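With compact mmCIF, C-alpha atoms (C1' of nucleotides) inside, this is work30.txt:
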# COMPACT_ATOMS: atom_id res chain seq x y z
CA MET A 1 -21.36 -20.88 -14.04
CA ALA A 2 -19.72 -19.32 -11.03
CA SER A 3 -20.97 -15.82 -10.24
CA ALA A 4 -18.86 -12.86 -11.29
CA VAL A 5 -16.33 -11.52 -8.81
CA ARG A 6 -16.87 -7.88 -7.98
CA ARG A 7 -13.94 -5.51 -8.19
CA ALA A 8 -14.69 -4.08 -4.76
CA ASP A 9 -14.31 -7.57 -3.29
CA ALA A 10 -11.15 -8.45 -5.17
CA ALA A 11 -9.13 -5.29 -4.56
CA PRO A 12 -8.64 -5.76 -0.78
CA VAL A 13 -7.50 -9.35 -1.31
CA PHE A 14 -4.92 -8.27 -3.88
CA ALA A 15 -3.79 -5.50 -1.57
CA SER A 16 -3.31 -7.96 1.29
CA LEU A 17 -1.19 -10.16 -0.98
CA GLY A 18 0.85 -7.22 -2.21
CA ASP A 19 3.36 -7.35 0.63
CA ALA A 20 6.32 -9.76 0.51
CA THR A 21 6.10 -10.61 4.21
CA ARG A 22 2.38 -11.30 4.02
CA LEU A 23 2.78 -13.37 0.89
CA ARG A 24 5.41 -15.41 2.75
CA LEU A 25 3.03 -15.92 5.67
CA VAL A 26 0.32 -17.12 3.29
CA ALA A 27 2.76 -19.54 1.68
CA ARG A 28 3.81 -20.96 5.05
CA LEU A 29 0.25 -21.32 6.26
CA CYS A 30 -0.56 -23.04 3.03
CA ALA A 31 2.35 -25.44 3.07
CA ASP A 32 2.48 -26.25 6.78
CA GLY A 33 -1.12 -25.75 7.90
CA PRO A 34 -2.34 -23.74 10.91
CA LEU A 35 0.44 -22.12 12.97
CA SER A 36 0.78 -19.93 16.05
CA ILE A 37 2.14 -16.39 15.92
CA ALA A 38 5.35 -17.50 17.62
CA HIS A 39 5.93 -20.15 14.97
CA LEU A 40 5.08 -17.76 12.15
CA SER A 41 7.44 -15.13 13.57
CA ASP A 42 10.20 -17.72 13.71
CA GLY A 43 12.63 -17.13 10.86
CA GLU A 44 11.19 -13.75 9.95
CA GLU A 45 13.35 -10.66 10.13
CA VAL A 46 10.71 -8.43 11.67
CA THR A 47 9.18 -8.32 15.13
CA ARG A 48 6.43 -10.57 16.39
CA GLN A 49 4.27 -7.45 16.60
CA ALA A 50 4.83 -6.76 12.93
CA ILE A 51 3.79 -10.33 12.12
CA THR A 52 0.68 -9.88 14.24
CA LYS A 53 -0.22 -6.72 12.33
CA HIS A 54 0.26 -8.49 9.01
CA LEU A 55 -1.95 -11.35 10.17
CA HIS A 56 -4.68 -8.90 11.05
CA ALA A 57 -4.35 -7.28 7.64
CA LEU A 58 -4.79 -10.70 6.04
CA LYS A 59 -7.73 -11.37 8.32
CA ASP A 60 -9.40 -8.09 7.35
CA ALA A 61 -9.08 -9.20 3.74
CA GLY A 62 -10.64 -12.54 4.65
CA VAL A 63 -7.58 -14.49 3.54
CA VAL A 64 -6.84 -15.87 6.97
CA HIS A 65 -8.72 -16.84 10.11
CA GLY A 66 -7.51 -16.87 13.72
CA THR A 67 -8.54 -18.96 16.73
CA ARG A 68 -7.51 -18.69 20.34
CA ALA A 69 -6.27 -21.96 21.85
CA GLY A 70 -5.04 -21.62 25.41
CA ARG A 71 -2.39 -18.95 25.43
CA GLU A 72 -1.71 -19.43 21.73
CA HIS A 73 -3.34 -17.78 18.75
CA ILE A 74 -3.58 -20.19 15.84
CA TRP A 75 -3.94 -18.83 12.32
CA GLU A 76 -5.09 -20.78 9.32
CA LEU A 77 -5.69 -20.12 5.65
CA ARG A 78 -9.05 -19.43 4.04
CA PRO A 79 -8.49 -20.74 0.52
CA LYS A 80 -11.88 -19.51 -0.67
CA ARG A 81 -10.68 -15.93 -0.78
CA LEU A 82 -7.60 -16.85 -2.75
CA GLU A 83 -9.76 -18.77 -5.14
CA MET A 84 -11.95 -15.71 -5.55
CA ALA A 85 -8.91 -13.64 -6.46
CA ARG A 86 -7.90 -16.28 -8.99
CA ARG A 87 -11.39 -16.22 -10.49
CA TYR A 88 -11.19 -12.47 -10.86
CA LEU A 89 -7.99 -12.80 -12.86
CA ASP A 90 -9.71 -15.45 -14.95
CA GLN A 91 -12.55 -13.06 -15.70
CA VAL A 92 -10.19 -10.32 -16.81
CA SER A 93 -8.21 -12.70 -18.99
CA GLY A 94 -11.45 -13.89 -20.52
CA GLN A 95 -12.45 -10.33 -21.41
CA TRP A 96 -9.03 -9.82 -22.93
CA ASP A 97 -9.43 -12.86 -25.14
CA ALA A 98 -12.84 -11.62 -26.23
CA ALA A 99 -11.36 -8.22 -27.06
CA LEU A 100 -8.67 -9.85 -29.17
CA GLU A 101 -11.32 -11.86 -30.98
CA ARG A 102 -13.33 -8.72 -31.71
CA LEU A 103 -10.20 -7.04 -33.00
CA ARG A 104 -9.47 -10.00 -35.28
CA GLU A 105 -12.98 -9.91 -36.74
CA PHE A 106 -12.72 -6.17 -37.25
CA VAL A 107 -9.45 -6.54 -39.11
CA ASP A 108 -10.94 -9.30 -41.25
CA GLU A 109 -13.88 -7.09 -42.16
CA GLU A 110 -11.65 -4.18 -43.11
CA GLY A 111 -9.33 -6.40 -45.12
CA MET B 1 5.04 -27.97 -16.63
CA ALA B 2 5.19 -24.21 -16.29
CA SER B 3 8.03 -22.98 -14.11
CA ALA B 4 7.28 -21.94 -10.54
CA VAL B 5 6.38 -18.33 -9.89
CA ARG B 6 8.66 -16.65 -7.40
CA ARG B 7 7.15 -14.78 -4.53
CA ALA B 8 9.36 -11.75 -5.18
CA ASP B 9 7.90 -11.50 -8.68
CA ALA B 10 4.29 -11.98 -7.65
CA ALA B 11 4.12 -9.54 -4.75
CA PRO B 12 4.55 -6.33 -6.80
CA VAL B 13 1.85 -7.45 -9.24
CA PHE B 14 -0.59 -8.10 -6.41
CA ALA B 15 0.32 -4.76 -4.88
CA SER B 16 -0.40 -3.00 -8.15
CA LEU B 17 -3.82 -4.67 -8.35
CA GLY B 18 -4.59 -3.84 -4.73
CA ASP B 19 -5.98 -0.40 -5.47
CA ALA B 20 -9.60 0.03 -6.59
CA THR B 21 -8.77 2.74 -9.12
CA ARG B 22 -5.95 0.71 -10.66
CA LEU B 23 -8.09 -2.41 -10.78
CA ARG B 24 -10.72 -0.38 -12.62
CA LEU B 25 -8.12 0.83 -15.11
CA VAL B 26 -7.01 -2.73 -15.73
CA ALA B 27 -10.59 -3.82 -16.28
CA ARG B 28 -11.20 -1.01 -18.77
CA LEU B 29 -8.00 -1.69 -20.68
CA CYS B 30 -8.97 -5.32 -20.77
CA ALA B 31 -12.52 -4.78 -21.96
CA ASP B 32 -11.97 -1.90 -24.39
CA GLY B 33 -8.37 -2.40 -25.52
CA PRO B 34 -5.61 0.25 -25.62
CA LEU B 35 -6.69 3.73 -24.52
CA SER B 36 -5.18 7.16 -24.07
CA ILE B 37 -4.78 8.86 -20.71
CA ALA B 38 -7.55 11.30 -21.53
CA HIS B 39 -9.94 8.46 -22.28
CA LEU B 40 -8.92 6.55 -19.17
CA SER B 41 -9.37 9.64 -17.01
CA ASP B 42 -12.84 10.11 -18.46
CA GLY B 43 -15.42 9.01 -15.93
CA GLU B 44 -12.91 8.71 -13.08
CA GLU B 45 -13.32 10.85 -10.00
CA VAL B 46 -9.68 11.74 -9.65
CA THR B 47 -7.38 14.00 -11.63
CA ARG B 48 -5.66 13.09 -14.85
CA GLN B 49 -2.39 13.33 -12.95
CA ALA B 50 -3.59 10.73 -10.48
CA ILE B 51 -4.50 8.40 -13.34
CA THR B 52 -1.06 8.96 -14.84
CA LYS B 53 0.57 8.00 -11.56
CA HIS B 54 -1.54 4.86 -11.31
CA LEU B 55 -0.61 3.91 -14.86
CA HIS B 56 3.06 4.26 -14.01
CA ALA B 57 2.54 2.08 -10.94
CA LEU B 58 0.96 -0.58 -13.14
CA LYS B 59 3.81 -0.19 -15.62
CA ASP B 60 6.41 -0.66 -12.87
CA ALA B 61 4.65 -3.90 -11.99
CA GLY B 62 4.76 -4.93 -15.63
CA VAL B 63 0.97 -5.15 -15.88
CA VAL B 64 0.67 -2.41 -18.47
CA HIS B 65 2.69 -0.94 -21.30
CA GLY B 66 2.62 2.58 -22.74
CA THR B 67 3.40 3.93 -26.21
CA ARG B 68 3.62 7.47 -27.45
CA ALA B 69 1.50 8.19 -30.53
CA GLY B 70 1.59 11.78 -31.66
CA ARG B 71 0.50 13.88 -28.74
CA GLU B 72 -1.26 10.97 -27.11
CA HIS B 73 0.05 8.32 -24.75
CA ILE B 74 -1.62 4.99 -25.40
CA TRP B 75 -1.65 2.34 -22.67
CA GLU B 76 -2.37 -1.31 -23.18
CA LEU B 77 -2.55 -4.42 -21.03
CA ARG B 78 0.18 -7.02 -20.62
CA PRO B 79 -1.85 -10.14 -19.88
CA LYS B 80 1.28 -12.22 -19.23
CA ARG B 81 1.81 -10.59 -15.85
CA LEU B 82 -1.78 -11.20 -14.84
CA GLU B 83 -1.42 -14.79 -15.89
CA MET B 84 1.68 -15.06 -13.75
CA ALA B 85 -0.25 -13.81 -10.74
CA ARG B 86 -2.96 -16.34 -11.46
CA ARG B 87 -0.37 -19.10 -11.69
CA TYR B 88 1.00 -18.10 -8.31
CA LEU B 89 -2.44 -18.47 -6.75
CA ASP B 90 -2.70 -21.84 -8.45
CA GLN B 91 0.56 -22.92 -6.86
CA VAL B 92 -0.58 -21.91 -3.40
CA SER B 93 -3.91 -23.66 -3.86
CA GLY B 94 -2.05 -26.74 -5.00
CA GLN B 95 0.07 -26.77 -1.87
CA TRP B 96 -3.08 -26.38 0.17
CA ASP B 97 -4.66 -29.39 -1.47
CA ALA B 98 -1.50 -31.41 -0.85
CA ALA B 99 -1.56 -30.39 2.82
CA LEU B 100 -5.19 -31.52 3.11
CA GLU B 101 -4.24 -34.82 1.51
CA ARG B 102 -1.38 -35.34 3.97
CA LEU B 103 -3.74 -34.56 6.82
CA ARG B 104 -6.25 -37.07 5.52
CA GLU B 105 -3.62 -39.80 5.28
CA PHE B 106 -2.38 -38.96 8.76
CA VAL B 107 -5.88 -39.27 10.19
CA ASP B 108 -6.37 -42.56 8.38
CA GLU B 109 -3.14 -43.92 9.86
CA GLU B 110 -4.06 -42.88 13.36
CA GLY B 111 -7.56 -44.27 13.03
C1' DT C 1 3.98 -20.61 43.96
C1' DC C 2 6.88 -18.68 40.53
C1' DA C 3 9.33 -18.19 36.34
C1' DT C 4 8.53 -18.77 31.55
C1' DT C 5 6.08 -18.55 27.37
C1' DG C 6 2.76 -16.60 24.00
C1' DT C 7 0.04 -12.57 23.24
C1' DG C 8 -2.42 -8.24 23.36
C1' DC C 9 -2.44 -3.25 23.64
C1' DA C 10 -1.00 1.45 23.10
C1' DA C 11 2.09 5.01 21.87
C1' DC C 12 5.28 6.43 18.83
C1' DC C 13 8.33 7.16 14.59
C1' DT C 14 9.09 7.30 9.62
C1' DG C 15 8.58 6.86 4.90
C1' DC C 16 5.82 6.53 1.11
C1' DA C 17 1.51 6.42 -1.61
C1' DA C 18 -2.27 8.99 -3.31
C1' DG C 19 -3.87 13.10 -4.64
C1' DT C 20 -3.74 18.01 -5.81
C1' DT C 21 -2.18 22.38 -8.06
C1' DG C 22 0.42 25.16 -11.21
C1' DC C 23 3.08 25.64 -15.11
C1' DC C 24 5.25 24.40 -19.36
C1' DC C 25 5.68 21.94 -23.79
C1' DG C 26 4.71 19.34 -28.11
C1' DT C 27 1.11 18.38 -31.45
C1' DC C 28 -2.69 19.07 -34.36
C1' DA C 29 -6.17 21.61 -36.89
C1' DA C 30 -8.28 25.81 -38.67
C1' DT D 1 0.18 31.29 -36.87
C1' DT D 2 -2.55 30.65 -33.22
C1' DG D 3 -5.51 28.38 -30.08
C1' DA D 4 -7.01 24.15 -28.21
C1' DC D 5 -5.94 19.59 -26.84
C1' DG D 6 -3.14 15.82 -24.58
C1' DG D 7 0.57 15.21 -21.44
C1' DG D 8 4.86 15.68 -18.63
C1' DC D 9 7.18 17.60 -14.49
C1' DA D 10 7.79 19.26 -9.94
C1' DA D 11 6.43 20.78 -5.47
C1' DC D 12 3.44 20.21 -1.83
C1' DT D 13 -0.03 18.19 1.56
C1' DT D 14 -1.96 14.43 4.06
C1' DG D 15 -3.13 10.00 5.64
C1' DC D 16 -1.84 5.62 6.50
C1' DA D 17 1.09 1.36 6.34
C1' DG D 18 4.94 -0.90 8.30
C1' DG D 19 7.77 -1.22 12.03
C1' DT D 20 9.45 -0.60 16.80
C1' DT D 21 9.45 -0.39 21.97
C1' DG D 22 7.55 -0.99 26.51
C1' DC D 23 4.45 -2.95 29.47
C1' DA D 24 0.74 -5.81 31.14
C1' DC D 25 -1.65 -10.22 31.42
C1' DA D 26 -3.22 -15.07 31.14
C1' DA D 27 -1.82 -19.85 30.61
C1' DT D 28 1.48 -23.35 31.46
C1' DG D 29 4.82 -26.27 33.71
C1' DA D 30 8.18 -27.31 37.29

Will you turn the file into structure tokens for me?
Amino acid sequence: MASAVRRADAAPVFASLGDATRLRLVARLCADGPLSIAHLSDGEEVTRQAITKHLHALKDAGVVHGTRAGREHIWELRPKRLEMARRYLDQVSGQWDAALERLREFVDEEG
Amino acid sequence: MASAVRRADAAPVFASLGDATRLRLVARLCADGPLSIAHLSDGEEVTRQAITKHLHALKDAGVVHGTRAGREHIWELRPKRLEMARRYLDQVSGQWDAALERLREFVDEEG
DNA sequence: TCATTGTGCAACCTGCAAGTTGCCCGTCAA
DNA sequence: TTGACGGGCAACTTGCAGGTTGCACAATGA
């Protein structure tokens, strides 16, 4: 079985995904593959600097990874972190199901 | 197939889970079932008021639901929202896999 | 060589989130 | 009826996130 995801690890990832602009960046990186800052800024309503800041926020959360190539800075997704977040939600859902089961048994006993 | 999760719906949920205290509250509600504010504040390092604010943040994101019972306010989890967040991560991962597949085919063609 | 392109850096502004404190109110039990 | 318990409300502080502007700098291409 996969090891349990710690809350302290999951929270920063969720926080990094909790911004609409960042979530859009993640979606684009996921659909189109690695892109430069200029390309990622293209079509966005905020400044290139704002995009850069968001990319660093995603990087600090481990969701994204940047590489310098000539005068460009290429950013790509790190799907492992997203998968970790998904696993955390799975864990919580699993606990919930177990709690429901316990409740059912309790009700059965009382009845 | 389940309908696609919109980014605008997912972002607030992620944001609500992006705080360590709130994530802890969610975990407790999930493991122990519905609890009052007093119980949820018990063991936390912040004030009851702070917990109340966090619970309202989770409620605004649709992750949690509160009911008044006598002089107590009972809060319980809404697993549907968490499941939605999980589905969103599934979507993104799916796109990522498709992108990898396209890349593989492209490399095969070139080779 | 020189203009253009893609970025990085730093300073700055602004609004909101997180937390606290103080006070008041309904509810429940003795 | 009264005191204790569980909460709501409002004002206030503080730190930081999100965004901007201005400038400097390296890489690139004509």

May I have the protein, DNA and RNA residues with any atom at most 9 Å from the point (-1.9, -21.8, 18.5), counting all atoms listed in the file, written as number ranges by chain?
A: 34-39, 66-75; C: 6

With 12 Å as the limit and counting only C-alpha atoms (C1' of nucleotides), what residues in chain C lie close to chain A? Please list them as an NGL selection string.
:C and (5-9)

12 Å contact set for DA30 in chain C, all atoms listed in the file, chain neighbours under 4 positions out, as a list of chain:residue names
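Final neighbour list, sorted by chain and number: D:DT1, D:DT2, D:DG3, D:DA4.
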
For DA11 in chain C, list every protein, DNA or RNA residue within 12 Å, evaluated using all atoms listed in the file, and leave out those in the same chain fewer than 6 positions away; present the list as a list in words.
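My reading of the contact set: DT20, DT21, DG22 and DC23 of chain D.
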
Contacts from chain B to chain A, 10 Å maximum, only C-alpha atoms: show me the residue list as a PDB file with C-alpha atoms, keeping the file's coordinate frame.
ATOM      1  CA  ARG B   7       7.150 -14.780  -4.530  1.00  0.00           C
ATOM      2  CA  ALA B   8       9.360 -11.750  -5.180  1.00  0.00           C
ATOM      3  CA  ASP B   9       7.900 -11.500  -8.680  1.00  0.00           C
ATOM      4  CA  ALA B  10       4.290 -11.980  -7.650  1.00  0.00           C
ATOM      5  CA  ALA B  11       4.120  -9.540  -4.750  1.00  0.00           C
ATOM      6  CA  PRO B  12       4.550  -6.330  -6.800  1.00  0.00           C
ATOM      7  CA  VAL B  13       1.850  -7.450  -9.240  1.00  0.00           C
ATOM      8  CA  PHE B  14      -0.590  -8.100  -6.410  1.00  0.00           C
ATOM      9  CA  ALA B  15       0.320  -4.760  -4.880  1.00  0.00           C
ATOM     10  CA  SER B  16      -0.400  -3.000  -8.150  1.00  0.00           C
ATOM     11  CA  LEU B  17      -3.820  -4.670  -8.350  1.00  0.00           C
ATOM     12  CA  GLY B  18      -4.590  -3.840  -4.730  1.00  0.00           C
ATOM     13  CA  ASP B  19      -5.980  -0.400  -5.470  1.00  0.00           C
ATOM     14  CA  ALA B  20      -9.600   0.030  -6.590  1.00  0.00           C
ATOM     15  CA  THR B  21      -8.770   2.740  -9.120  1.00  0.00           C
ATOM     16  CA  ARG B  22      -5.950   0.710 -10.660  1.00  0.00           C
ATOM     17  CA  LEU B  23      -8.090  -2.410 -10.780  1.00  0.00           C
ATOM     18  CA  ARG B  24     -10.720  -0.380 -12.620  1.00  0.00           C
ATOM     19  CA  VAL B  26      -7.010  -2.730 -15.730  1.00  0.00           C
ATOM     20  CA  ALA B  27     -10.590  -3.820 -16.280  1.00  0.00           C
ATOM     21  CA  ARG B  28     -11.200  -1.010 -18.770  1.00  0.00           C
ATOM     22  CA  LEU B  29      -8.000  -1.690 -20.680  1.00  0.00           C
ATOM     23  CA  CYS B  30      -8.970  -5.320 -20.770  1.00  0.00           C
ATOM     24  CA  ALA B  31     -12.520  -4.780 -21.960  1.00  0.00           C
ATOM     25  CA  ASP B  32     -11.970  -1.900 -24.390  1.00  0.00           C
ATOM     26  CA  GLY B  33      -8.370  -2.400 -25.520  1.00  0.00           C
ATOM     27  CA  LEU B  77      -2.550  -4.420 -21.030  1.00  0.00           C
ATOM     28  CA  ARG B  78       0.180  -7.020 -20.620  1.00  0.00           C
ATOM     29  CA  PRO B  79      -1.850 -10.140 -19.880  1.00  0.00           C
ATOM     30  CA  LYS B  80       1.280 -12.220 -19.230  1.00  0.00           C
ATOM     31  CA  LEU B  82      -1.780 -11.200 -14.840  1.00  0.00           C
ATOM     32  CA  GLU B  83      -1.420 -14.790 -15.890  1.00  0.00           C
ATOM     33  CA  MET B  84       1.680 -15.060 -13.750  1.00  0.00           C
ATOM     34  CA  ALA B  85      -0.250 -13.810 -10.740  1.00  0.00           C
ATOM     35  CA  ARG B  86      -2.960 -16.340 -11.460  1.00  0.00           C
ATOM     36  CA  ARG B  87      -0.370 -19.100 -11.690  1.00  0.00           C
ATOM     37  CA  TYR B  88       1.000 -18.100  -8.310  1.00  0.00           C
ATOM     38  CA  LEU B  89      -2.440 -18.470  -6.750  1.00  0.00           C
ATOM     39  CA  ASP B  90      -2.700 -21.840  -8.450  1.00  0.00           C
ATOM     40  CA  GLN B  91       0.560 -22.920  -6.860  1.00  0.00           C
ATOM     41  CA  VAL B  92      -0.580 -21.910  -3.400  1.00  0.00           C
ATOM     42  CA  SER B  93      -3.910 -23.660  -3.860  1.00  0.00           C
ATOM     43  CA  GLY B  94      -2.050 -26.740  -5.000  1.00  0.00           C
ATOM     44  CA  GLN B  95       0.070 -26.770  -1.870  1.00  0.00           C
ATOM     45  CA  TRP B  96      -3.080 -26.380   0.170  1.00  0.00           C
ATOM     46  CA  ASP B  97      -4.660 -29.390  -1.470  1.00  0.00           C
ATOM     47  CA  ALA B  98      -1.500 -31.410  -0.850  1.00  0.00           C
ATOM     48  CA  ALA B  99      -1.560 -30.390   2.820  1.00  0.00           C
ATOM     49  CA  LEU B 100      -5.190 -31.520   3.110  1.00  0.00           C
ATOM     50  CA  LEU B 103      -3.740 -34.560   6.820  1.00  0.00           C
TER      51      LEU B 103
END

Near range 12-29 of chain C, counting only C-alpha atoms (C1' of nucleotides), which residues have an atom at most 10 Å away, once you skip same-chain residues fewer than 6 positions from it, shown as a PDB file with C-alpha atoms (C1' of nucleotides), in the coordinates of the input?
ATOM      1  CA  VAL B  46      -9.680  11.740  -9.650  1.00  0.00           C
ATOM      2  CA  THR B  47      -7.380  14.000 -11.630  1.00  0.00           C
ATOM      3  CA  GLN B  49      -2.390  13.330 -12.950  1.00  0.00           C
ATOM      4  CA  ALA B  50      -3.590  10.730 -10.480  1.00  0.00           C
ATOM      5  CA  ILE B  51      -4.500   8.400 -13.340  1.00  0.00           C
ATOM      6  CA  LYS B  53       0.570   8.000 -11.560  1.00  0.00           C
ATOM      7  CA  HIS B  54      -1.540   4.860 -11.310  1.00  0.00           C
ATOM      8  CA  GLY B  70       1.590  11.780 -31.660  1.00  0.00           C
ATOM      9  CA  ARG B  71       0.500  13.880 -28.740  1.00  0.00           C
ATOM     10  CA  GLU B  72      -1.260  10.970 -27.110  1.00  0.00           C
TER      11      GLU B  72
ATOM     12  C1'  DG D   3      -5.510  28.380 -30.080  1.00  0.00           C
ATOM     13  C1'  DA D   4      -7.010  24.150 -28.210  1.00  0.00           C
ATOM     14  C1'  DC D   5      -5.940  19.590 -26.840  1.00  0.00           C
ATOM     15  C1'  DG D   6      -3.140  15.820 -24.580  1.00  0.00           C
ATOM     16  C1'  DG D   7       0.570  15.210 -21.440  1.00  0.00           C
ATOM     17  C1'  DG D   8       4.860  15.680 -18.630  1.00  0.00           C
ATOM     18  C1'  DC D   9       7.180  17.600 -14.490  1.00  0.00           C
ATOM     19  C1'  DA D  10       7.790  19.260  -9.940  1.00  0.00           C
ATOM     20  C1'  DA D  11       6.430  20.780  -5.470  1.00  0.00           C
ATOM     21  C1'  DC D  12       3.440  20.210  -1.830  1.00  0.00           C
ATOM     22  C1'  DT D  13      -0.030  18.190   1.560  1.00  0.00           C
ATOM     23  C1'  DT D  14      -1.960  14.430   4.060  1.00  0.00           C
ATOM     24  C1'  DG D  15      -3.130  10.000   5.640  1.00  0.00           C
ATOM     25  C1'  DC D  16      -1.840   5.620   6.500  1.00  0.00           C
ATOM     26  C1'  DA D  17       1.090   1.360   6.340  1.00  0.00           C
ATOM     27  C1'  DG D  18       4.940  -0.900   8.300  1.00  0.00           C
ATOM     28  C1'  DG D  19       7.770  -1.220  12.030  1.00  0.00           C
ATOM     29  C1'  DT D  20       9.450  -0.600  16.800  1.00  0.00           C
ATOM     30  C1'  DT D  21       9.450  -0.390  21.970  1.00  0.00           C
TER      31       DT D  21
END

What does the distance between CA of Val5 in chain A and CA of Val63 in chain B come to in Å, to one decimal place?
19.7 Å

Students should find that CA of Ala4 in chain B and CA of Leu58 in chain A are spaced 23.4 Å

All file atoms of range 9-22 of chain D boxed axis-aligned, 6 Å per side, centre plus edges, as JSON:
{"center_x": 3.2, "center_y": 9.8, "center_z": 6.0, "size_x": 24.6, "size_y": 34.0, "size_z": 53.0}

In Å, with one decimal, what is the gap from CA of Val64 in chain B to CA of Glu45 in chain B?
21.1 Å

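The residue that comes closest to chain D, out of A:Gly62, A:Ala57, A:Arg104, A:Asp42 and on the basis of all atoms listed in the file, is A:Ala57.
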